[in-house]
Structure formats: C-alpha cells, structure tokens
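Engineer: My structure is below; once you've seen it, I'll send some questions.
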Amino acid sequence: MKTSKKLLVLILVLVAGILVAGCGGGGGGSQTNLRLGDIGWDESQAVASLSKVLFEEDLGYDRVEIQRLESPALLFQSVAQGELDAFQDVWLPNHQPFLDENREDVELLDPWYQGQTSQGVAVPSYLNLQSIEDLNGSDVDTIYGIEPGTPFMERLSDEVKPTYNLDQEIVESSTAGMLSQVDDLYKNQEPFAMMAWAPHWMHTRYELRYLDDPQDAQGELNDPAQMTTIVNRDLPEKDPVALAFFDAFTLTEEQLQEMEAAINEAGDPEQGARNWLESNRDVVQPWIDAAEAAREA
C-alpha cells in the first residue's frame with residue numbers, strides 16, 4: 001500500500017512537471033528559441049539586437065540567435081525555408097524581387113518604421129554638387145557603395161552609371177567598410193560620393209547631400225521605402241507570442257537613430273540596446289504587452 005502511494009505521488013509529480021514545462025517558457029506553449037536574420041546594416045543590427053534582449057530578458061525565451069547574412073537573397077531564402085524565423089529589415093520596393101520569389105513561404109507584416117526613408121547617391125555638403133550629372137567633370141573619382149548584390153548597388157552599376165555616362169569607379173564593400181573609408185575622407189575634406197540612406201546615424205555625424213536624379217535612373221528607389229518584417233509562414237501557428245511581438249514593433253526615426261548611437265557608443269549591439277532601453281521602456285512596453293496577451297490567449 002505504501003509503495004502504491006509513493007508511486008502515485010511520483011506519477012503526479014512527473015505529470016505536474018510536464019504541464020509546467022508545456023505551459024511555461026518564452027513561447028507560451030510554443031517554441032522558446034528564435035532565429036533572427038541580420039543583413040549587417042546598422043538598423044538591422046539594432047532592431048535584431050533589441051528584439052533578442054527583449055525576448056530573452058522580458059519574455060523568458062531560452063535563446064535567440066542572430067545570424068548575419070549580407071545577401072538579401074539568402075536572408076529571404078533562409079526565412080522561407082525555416083532556417084530563420086524572421087528578418088526585420090525588409091526594405092520595399094528594394095527587396096520586392098526577393099519577396100516575390102519566396103511569397104508562398106513567408107508572411108509580410110505591416111511596416112514597423114514610422115518615419116520617411118531616403119536613399120541614393122550622396123556627397124558631403126562641402127562639395128558644390130547638386131545632381132548626379134554634376135559628378136562628370138568634378139574631382140570625385142570614386143562612388144563608395146555597400147554589399148554586392150543589394151538592389152541599389154545593382155541599380156547603380158546597371159542603370160545610373162550608364163545613364164549619366166559616369167567615369168567614377170564604383171567600389172563595393174561592407175557597410176562598415178564603406179563608412180570607415182568615407183570617415184577618413186570626410187575628416188580631410190576630400191571629394192567623394194557614396195551610397196547613403198536614412199534612417200542611419202551617418203546623418204548625425206556627416207552633413208550629406210543627396211544628388212538629384214533628373215533622368216530617374218534610380219527608378220522607384222527614388223521614392224520613400226517601407227521598412228517591415230517577414231516571418232516564416234509557420235511562425236503564426238508555431239509561435240504566436242513572437243508574431244504578436246513583431247506585429248506590435250514600431251520605431252520612429254528619432255528612436256532608431258538614438259538606439260544606433262547607443263550601440264556605437266557601447267561598442268556592443270546587445271549592451272547598446274540595453275542602454276537605450278533604460279530611458280525607453282515606454283516605447284517597448286506595448287510590444288511586451290502584445291506578446292504577453294498572445295501567451296495568455
């Protein structure tokens with residue numbers, strides 16, 4: 001009889017443990033691990049790092065992995081194939097071809113950025129240039145760009161350069177590499193052109209002028225873009241908590257640039273995100289509330 005009672009108690013303890021494990025954790029009955037994509041751009045690194053900190057430290061996720069892939073094609077494919085759960089730095093229309101290729105396997109969320117974007121060929125304000133065509137005959141001999149394969153770099157090489165018959169060399173590099181190069185040139189007041197975009201902390205450090213594109217060689221990239229998120233098509237069922245978080249996520253231009261500045265100052269993306277959070281808890285609380293509500297549903 002005593003043995004039977006002990007066995008019953010053991011069974012009840014085991015069942016209780018299973019129920020707690022099933023109902024607790026970051027995903028609220030779903031997965032407690034996430035894999036986020038990062039293209040290496042500053043805003044991508046910032047939002048991915050902030051999300052990781054909040055998922056792990058506020059929502060109790062076991063582990064959030066950030067995987068950097070500097071190819072937008074690979075990022076979209078990875079989300080579509082389930083190797084990544086989400087990528088939060090989708091620019092439209094820039095990334096529209098990659099979205100079209102993977103449309104059946106990803107879900108596009110509403111834009112999270114609440115400001116207006118800009119992108120294009122830019123020069124330092126100390127150069128008296130107003131238009132892309134003004135590069136001809138100027139002292140600018142190089143246009144510094146970002147990662148090969150990005151839509152703007154392809155448009156720059158395939159459309160902008162031949163349309164304006166530019167002699168300048170186009171140098172492709174990582175975003176960090178480009179910014180390091182132009183930082184030295186800017187400090188020495190040397191002539192150069194670069195691929196620039198906003199939101200980005202570059203505009204708080206440098207006075208830049210976007211060059212007009214009278215022949216519309218940049219096409220739809222001259223228009224403001226939307227910044228949004230894609231998730232794997234199975235995420236809504238697999239992890240409704242994460243989906244609710246991504247759906248609620250919004251940032252203004254000022255908030256994003258302040259976070260990028262905090263990350264640069266800290267020298268570590270996650271620590272910079274934590275530092276920014278100290279004075280911006282009111283910004284992220286609605287995201288946490290939405291995720292918690294999905295957990296309790």
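We label chains A, B, ... in the order they appear in the structure tokens, count residues from 1 in each chain, and number ligands from 1 in the order shown.
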As a list of chain:residue names, please: the residues near Asp167 of chain A (cut-off 8 Å, only C-alpha atoms, same-chain neighbours under 4 positions excluded).
Structural biologist: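 Contacts, in chain order: A:Asn136, A:Asp141, A:Lys161.
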Engineer: Write a file of the selected residues as a PDB file, in the first residue's frame, keeping N, CA and C atoms.
Structural biologist:
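Saved result, result-v8.pdb, follows:
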ATOM      1  N   ASN A 136      30.163  64.330 -63.337  1.00  0.00           N
ATOM      2  CA  ASN A 136      31.031  64.428 -64.512  1.00  0.00           C
ATOM      3  C   ASN A 136      31.771  65.764 -64.487  1.00  0.00           C
ATOM      4  N   ASP A 141      36.284  60.877 -57.925  1.00  0.00           N
ATOM      5  CA  ASP A 141      36.689  59.795 -58.807  1.00  0.00           C
ATOM      6  C   ASP A 141      36.165  58.435 -58.360  1.00  0.00           C
ATOM      7  N   LYS A 161      25.071  54.521 -63.655  1.00  0.00           N
ATOM      8  CA  LYS A 161      26.359  54.825 -64.294  1.00  0.00           C
ATOM      9  C   LYS A 161      26.239  54.967 -65.805  1.00  0.00           C
TER      10      LYS A 161
END
Engineer: Could the residues of segment 27-116 of chain A that have an atom at most 9 Å from segment 230-237 of chain A be listed as JSON lines, each with its closest atom pair and the distance in Å to one decimal, counting only C-alpha atoms and ordered by chain and ascending residue number?
Structural biologist:
{"residue": "A:Ser30", "atom": "CA", "partner": "A:Glu237", "partner_atom": "CA", "distance": 8.5}
{"residue": "A:Phe76", "atom": "CA", "partner": "A:Ile230", "partner_atom": "CA", "distance": 8.2}
{"residue": "A:Ser78", "atom": "CA", "partner": "A:Asn232", "partner_atom": "CA", "distance": 8.9}
{"residue": "A:Val79", "atom": "CA", "partner": "A:Asn232", "partner_atom": "CA", "distance": 5.3}
{"residue": "A:Ala80", "atom": "CA", "partner": "A:Asn232", "partner_atom": "CA", "distance": 5.6}
{"residue": "A:Gln81", "atom": "CA", "partner": "A:Asn232", "partner_atom": "CA", "distance": 7.6}
{"residue": "A:Gly82", "atom": "CA", "partner": "A:Asn232", "partner_atom": "CA", "distance": 6.0}
{"residue": "A:Glu83", "atom": "CA", "partner": "A:Asn232", "partner_atom": "CA", "distance": 8.9}
{"residue": "A:Leu84", "atom": "CA", "partner": "A:Asn232", "partner_atom": "CA", "distance": 7.4}
{"residue": "A:Asp85", "atom": "CA", "partner": "A:Asn232", "partner_atom": "CA", "distance": 5.3}
{"residue": "A:Ala86", "atom": "CA", "partner": "A:Val231", "partner_atom": "CA", "distance": 4.2}
{"residue": "A:Phe87", "atom": "CA", "partner": "A:Ile230", "partner_atom": "CA", "distance": 5.5}
{"residue": "A:Gln88", "atom": "CA", "partner": "A:Ile230", "partner_atom": "CA", "distance": 6.5}
{"residue": "A:Asp89", "atom": "CA", "partner": "A:Ile230", "partner_atom": "CA", "distance": 8.5}
{"residue": "A:Val90", "atom": "CA", "partner": "A:Ile230", "partner_atom": "CA", "distance": 7.2}
{"residue": "A:Leu99", "atom": "CA", "partner": "A:Ile230", "partner_atom": "CA", "distance": 8.8}
{"residue": "A:Glu104", "atom": "CA", "partner": "A:Arg233", "partner_atom": "CA", "distance": 7.8}
{"residue": "A:Asp105", "atom": "CA", "partner": "A:Arg233", "partner_atom": "CA", "distance": 5.2}
{"residue": "A:Val106", "atom": "CA", "partner": "A:Arg233", "partner_atom": "CA", "distance": 4.6}
{"residue": "A:Glu107", "atom": "CA", "partner": "A:Val231", "partner_atom": "CA", "distance": 5.3}
{"residue": "A:Leu108", "atom": "CA", "partner": "A:Ile230", "partner_atom": "CA", "distance": 4.6}
{"residue": "A:Leu109", "atom": "CA", "partner": "A:Ile230", "partner_atom": "CA", "distance": 6.1}
Engineer: Keeping only N, CA and C atoms, write the selected residues as a PDB file, in the first residue's frame.
Structural biologist:
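Result file again09.pdb:
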ATOM      1  N   SER A  30       4.601  27.376 -27.026  1.00  0.00           N
ATOM      2  CA  SER A  30       5.199  27.219 -28.338  1.00  0.00           C
ATOM      3  C   SER A  30       6.706  27.204 -28.161  1.00  0.00           C
ATOM      4  N   PHE A  76      16.109  36.037 -47.399  1.00  0.00           N
ATOM      5  CA  PHE A  76      14.734  35.686 -47.752  1.00  0.00           C
ATOM      6  C   PHE A  76      14.582  34.177 -47.895  1.00  0.00           C
ATOM      7  N   SER A  78      16.369  31.888 -46.430  1.00  0.00           N
ATOM      8  CA  SER A  78      16.505  31.261 -45.120  1.00  0.00           C
ATOM      9  C   SER A  78      15.217  31.357 -44.315  1.00  0.00           C
ATOM     10  N   VAL A  79      14.534  32.495 -44.408  1.00  0.00           N
ATOM     11  CA  VAL A  79      13.243  32.621 -43.729  1.00  0.00           C
ATOM     12  C   VAL A  79      12.221  31.703 -44.388  1.00  0.00           C
ATOM     13  N   ALA A  80      12.214  31.665 -45.706  1.00  0.00           N
ATOM     14  CA  ALA A  80      11.256  30.818 -46.425  1.00  0.00           C
ATOM     15  C   ALA A  80      11.445  29.346 -46.107  1.00  0.00           C
ATOM     16  N   GLN A  81      12.683  28.919 -45.949  1.00  0.00           N
ATOM     17  CA  GLN A  81      12.986  27.509 -45.699  1.00  0.00           C
ATOM     18  C   GLN A  81      12.932  27.139 -44.215  1.00  0.00           C
ATOM     19  N   GLY A  82      12.656  28.110 -43.356  1.00  0.00           N
ATOM     20  CA  GLY A  82      12.552  27.838 -41.934  1.00  0.00           C
ATOM     21  C   GLY A  82      13.877  27.801 -41.198  1.00  0.00           C
ATOM     22  N   GLU A  83      14.968  28.157 -41.882  1.00  0.00           N
ATOM     23  CA  GLU A  83      16.264  28.221 -41.205  1.00  0.00           C
ATOM     24  C   GLU A  83      16.349  29.456 -40.325  1.00  0.00           C
ATOM     25  N   LEU A  84      15.572  30.477 -40.657  1.00  0.00           N
ATOM     26  CA  LEU A  84      15.388  31.661 -39.832  1.00  0.00           C
ATOM     27  C   LEU A  84      13.899  31.836 -39.588  1.00  0.00           C
ATOM     28  N   ASP A  85      13.548  32.386 -38.424  1.00  0.00           N
ATOM     29  CA  ASP A  85      12.141  32.628 -38.121  1.00  0.00           C
ATOM     30  C   ASP A  85      11.674  33.982 -38.634  1.00  0.00           C
ATOM     31  N   ALA A  86      12.577  34.964 -38.657  1.00  0.00           N
ATOM     32  CA  ALA A  86      12.165  36.313 -39.048  1.00  0.00           C
ATOM     33  C   ALA A  86      13.366  37.123 -39.520  1.00  0.00           C
ATOM     34  N   PHE A  87      13.074  38.103 -40.360  1.00  0.00           N
ATOM     35  CA  PHE A  87      14.056  39.103 -40.788  1.00  0.00           C
ATOM     36  C   PHE A  87      13.346  40.445 -40.731  1.00  0.00           C
ATOM     37  N   GLN A  88      13.878  41.390 -39.930  1.00  0.00           N
ATOM     38  CA  GLN A  88      13.167  42.607 -39.589  1.00  0.00           C
ATOM     39  C   GLN A  88      13.615  43.851 -40.357  1.00  0.00           C
ATOM     40  N   ASP A  89      14.459  43.690 -41.360  1.00  0.00           N
ATOM     41  CA  ASP A  89      14.939  44.875 -42.086  1.00  0.00           C
ATOM     42  C   ASP A  89      14.653  44.749 -43.578  1.00  0.00           C
ATOM     43  N   VAL A  90      13.404  44.463 -43.889  1.00  0.00           N
ATOM     44  CA  VAL A  90      12.958  44.386 -45.275  1.00  0.00           C
ATOM     45  C   VAL A  90      12.645  45.802 -45.763  1.00  0.00           C
ATOM     46  N   LEU A  99      11.072  39.094 -52.234  1.00  0.00           N
ATOM     47  CA  LEU A  99       9.775  38.768 -51.647  1.00  0.00           C
ATOM     48  C   LEU A  99       8.934  37.979 -52.642  1.00  0.00           C
ATOM     49  N   GLU A 104       5.211  32.443 -51.196  1.00  0.00           N
ATOM     50  CA  GLU A 104       4.384  31.366 -50.651  1.00  0.00           C
ATOM     51  C   GLU A 104       4.870  30.860 -49.300  1.00  0.00           C
ATOM     52  N   ASP A 105       6.112  31.160 -48.952  1.00  0.00           N
ATOM     53  CA  ASP A 105       6.693  30.588 -47.744  1.00  0.00           C
ATOM     54  C   ASP A 105       7.015  31.605 -46.664  1.00  0.00           C
ATOM     55  N   VAL A 106       6.672  32.862 -46.894  1.00  0.00           N
ATOM     56  CA  VAL A 106       6.890  33.886 -45.878  1.00  0.00           C
ATOM     57  C   VAL A 106       5.621  34.705 -45.710  1.00  0.00           C
ATOM     58  N   GLU A 107       5.533  35.359 -44.571  1.00  0.00           N
ATOM     59  CA  GLU A 107       4.419  36.270 -44.307  1.00  0.00           C
ATOM     60  C   GLU A 107       4.985  37.664 -44.101  1.00  0.00           C
ATOM     61  N   LEU A 108       4.461  38.629 -44.855  1.00  0.00           N
ATOM     62  CA  LEU A 108       4.908  40.015 -44.766  1.00  0.00           C
ATOM     63  C   LEU A 108       4.040  40.761 -43.761  1.00  0.00           C
ATOM     64  N   LEU A 109       4.684  41.376 -42.770  1.00  0.00           N
ATOM     65  CA  LEU A 109       3.964  42.130 -41.754  1.00  0.00           C
ATOM     66  C   LEU A 109       3.865  43.603 -42.141  1.00  0.00           C
TER      67      LEU A 109
END
Engineer: So how many Å separate atom CA of Gly219 of chain A and atom CA of Gly149 of chain A, to one decimal?
Structural biologist: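 It comes out at 17.2 Å.
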Engineer: I'd like to know which of A:Ala261, A:Leu166, A:Ala244, A:Ala266 is closest to Thr204 of chain A, using only C-alpha atoms.
Structural biologist: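 Between A:Ala261, A:Leu166, A:Ala244, A:Ala266, the residue approaching Thr204 of chain A most closely is A:Ala261.
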Engineer: Quick one: of A:Gln189, A:Gln257, A:Thr250, A:Thr229, who's nearest to Pro124 of chain A, counting only C-alpha atoms?
Structural biologist: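 Once distances to Pro124 of chain A are computed over only C-alpha atoms, the minimum belongs to A:Gln189.
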Engineer: So which bits of segment 127-193 of chain A end up strand (DSSP E) when you DSSP the backbone, as a ChimeraX atom specification?
Structural biologist: /A:142-144,169-171,193
Engineer: Counting only C-alpha atoms, which of A:Ala248, A:Val284, A:Val121, A:Leu36 gets nearest to Leu69 of chain A?
Structural biologist: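 Nearest candidate to Leu69 of chain A out of A:Ala248, A:Val284, A:Val121, A:Leu36: A:Leu36.
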Engineer: Pick out each residue of segment 122-232 of chain A that DSSP on the backbone tags as helix (DSSP H, G or I); I need them as number ranges by chain.
Structural biologist: A: 132-135, 151-164, 175-187, 202-205, 219-222
Engineer: Using N, CA and C atoms, can you write the selected residues to a file as a tab-separated table (two decimals), in the first residue's frame?
Structural biologist:
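Produced file part.tsv, reproduced below:
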chain	number	residue	atom	x	y	z
A	132	ILE	N	23.36	64.11	-59.97
A	132	ILE	CA	24.26	63.02	-60.35
A	132	ILE	C	25.07	63.41	-61.57
A	133	GLU	N	24.46	64.12	-62.48
A	133	GLU	CA	25.18	64.51	-63.70
A	133	GLU	C	26.32	65.48	-63.39
A	134	ASP	N	26.27	66.16	-62.24
A	134	ASP	CA	27.34	67.07	-61.85
A	134	ASP	C	28.62	66.33	-61.48
A	135	LEU	N	28.52	65.00	-61.25
A	135	LEU	CA	29.73	64.23	-60.95
A	135	LEU	C	30.70	64.25	-62.12
A	151	PRO	N	20.00	45.56	-54.02
A	151	PRO	CA	19.29	46.16	-55.16
A	151	PRO	C	19.82	47.52	-55.58
A	152	PHE	N	20.18	48.38	-54.61
A	152	PHE	CA	20.65	49.70	-55.01
A	152	PHE	C	22.00	49.62	-55.71
A	153	MET	N	22.88	48.76	-55.25
A	153	MET	CA	24.18	48.65	-55.90
A	153	MET	C	24.04	48.13	-57.33
A	154	GLU	N	23.12	47.20	-57.52
A	154	GLU	CA	22.87	46.71	-58.89
A	154	GLU	C	22.31	47.82	-59.76
A	155	ARG	N	21.40	48.62	-59.20
A	155	ARG	CA	20.83	49.73	-59.98
A	155	ARG	C	21.90	50.78	-60.28
A	156	LEU	N	22.79	51.01	-59.34
A	156	LEU	CA	23.86	51.99	-59.53
A	156	LEU	C	24.76	51.59	-60.70
A	157	SER	N	25.14	50.31	-60.74
A	157	SER	CA	26.03	49.82	-61.80
A	157	SER	C	25.32	49.67	-63.14
A	158	ASP	N	24.09	49.14	-63.10
A	158	ASP	CA	23.40	48.77	-64.34
A	158	ASP	C	22.63	49.92	-64.98
A	159	GLU	N	22.20	50.89	-64.16
A	159	GLU	CA	21.35	51.95	-64.69
A	159	GLU	C	21.95	53.35	-64.52
A	160	VAL	N	22.36	53.67	-63.30
A	160	VAL	CA	22.79	55.04	-63.01
A	160	VAL	C	24.08	55.38	-63.76
A	161	LYS	N	25.07	54.52	-63.66
A	161	LYS	CA	26.36	54.83	-64.29
A	161	LYS	C	26.24	54.97	-65.80
A	162	PRO	N	25.59	54.03	-66.52
A	162	PRO	CA	25.48	54.22	-67.97
A	162	PRO	C	24.55	55.37	-68.37
A	163	THR	N	23.49	55.60	-67.61
A	163	THR	CA	22.57	56.68	-67.95
A	163	THR	C	23.26	58.04	-67.95
A	164	TYR	N	24.13	58.25	-66.97
A	164	TYR	CA	24.83	59.53	-66.86
A	164	TYR	C	26.26	59.47	-67.41
A	175	THR	N	29.03	47.53	-45.36
A	175	THR	CA	28.59	48.85	-44.89
A	175	THR	C	29.63	49.46	-43.96
A	176	ALA	N	30.15	48.64	-43.05
A	176	ALA	CA	31.16	49.14	-42.11
A	176	ALA	C	32.41	49.60	-42.85
A	177	GLY	N	32.81	48.85	-43.88
A	177	GLY	CA	33.98	49.21	-44.66
A	177	GLY	C	33.78	50.52	-45.39
A	178	MET	N	32.60	50.71	-45.98
A	178	MET	CA	32.31	51.96	-46.67
A	178	MET	C	32.37	53.14	-45.70
A	179	LEU	N	31.74	52.99	-44.55
A	179	LEU	CA	31.70	54.09	-43.60
A	179	LEU	C	33.07	54.43	-43.04
A	180	SER	N	33.90	53.42	-42.88
A	180	SER	CA	35.27	53.66	-42.41
A	180	SER	C	36.05	54.46	-43.45
A	181	GLN	N	35.85	54.12	-44.72
A	181	GLN	CA	36.56	54.81	-45.79
A	181	GLN	C	36.11	56.27	-45.89
A	182	VAL	N	34.80	56.50	-45.90
A	182	VAL	CA	34.32	57.87	-46.07
A	182	VAL	C	34.58	58.71	-44.83
A	183	ASP	N	34.71	58.09	-43.67
A	183	ASP	CA	35.01	58.84	-42.45
A	183	ASP	C	36.35	59.55	-42.59
A	184	ASP	N	37.35	58.84	-43.09
A	184	ASP	CA	38.67	59.45	-43.29
A	184	ASP	C	38.62	60.55	-44.34
A	185	LEU	N	37.89	60.29	-45.42
A	185	LEU	CA	37.79	61.28	-46.50
A	185	LEU	C	37.08	62.54	-46.01
A	186	TYR	N	36.02	62.35	-45.24
A	186	TYR	CA	35.25	63.48	-44.74
A	186	TYR	C	36.09	64.35	-43.79
A	187	LYS	N	36.83	63.70	-42.90
A	187	LYS	CA	37.67	64.44	-41.95
A	187	LYS	C	38.70	65.29	-42.67
A	202	MET	N	24.71	57.97	-39.89
A	202	MET	CA	25.64	58.75	-40.71
A	202	MET	C	25.19	60.20	-40.81
A	203	HIS	N	23.87	60.43	-40.75
A	203	HIS	CA	23.35	61.78	-40.92
A	203	HIS	C	23.50	62.62	-39.65
A	204	THR	N	23.82	61.99	-38.54
A	204	THR	CA	24.12	62.75	-37.33
A	204	THR	C	25.60	63.07	-37.23
A	205	ARG	N	26.42	62.39	-38.02
A	205	ARG	CA	27.87	62.59	-37.98
A	205	ARG	C	28.37	63.41	-39.17
A	219	GLY	N	15.02	55.04	-60.56
A	219	GLY	CA	13.67	54.49	-60.65
A	219	GLY	C	12.90	54.60	-59.35
A	220	GLU	N	12.22	53.50	-58.98
A	220	GLU	CA	11.38	53.51	-57.79
A	220	GLU	C	12.18	53.68	-56.51
A	221	LEU	N	13.52	53.51	-56.59
A	221	LEU	CA	14.34	53.69	-55.40
A	221	LEU	C	14.47	55.16	-55.01
A	222	ASN	N	14.01	56.06	-55.90
A	222	ASN	CA	13.96	57.47	-55.54
A	222	ASN	C	12.82	57.76	-54.55
Engineer: Residues within 6 Å of segment 42-56 of chain A, please, as a PDB file with C-alpha atoms, in the first residue's frame. Count only C-alpha atoms; anything in the same chain fewer than 6 positions from it doesn't count.
Structural biologist:
ATOM      1  CA  VAL A  64      17.520  33.966 -29.552  1.00  0.00           C
ATOM      2  CA  ASP A  89      14.939  44.875 -42.086  1.00  0.00           C
ATOM      3  CA  PRO A 269      24.916  45.718 -30.024  1.00  0.00           C
ATOM      4  CA  GLU A 270      23.165  43.990 -27.130  1.00  0.00           C
ATOM      5  CA  ALA A 273      20.241  48.084 -26.859  1.00  0.00           C
TER       6      ALA A 273
END
Engineer: How many Å lie between atom CA of Pro199 of chain A and atom CA of Asn165 of chain A, rounded to one decimal?
Structural biologist: 29.4 Å
Engineer: Could you check the closest approach to Gln114 of chain A for each of A:Glu260, A:Asp212, A:Glu253, A:Glu265 and tell me which residue wins, using only C-alpha atoms?
Structural biologist: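 Closest residue, counting only C-alpha atoms: A:Glu253.
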Engineer: How far is it from atom CA of Asp213 of chain A to atom CA of Pro97 of chain A, in Å with one decimal?
Structural biologist: 22.8 Å
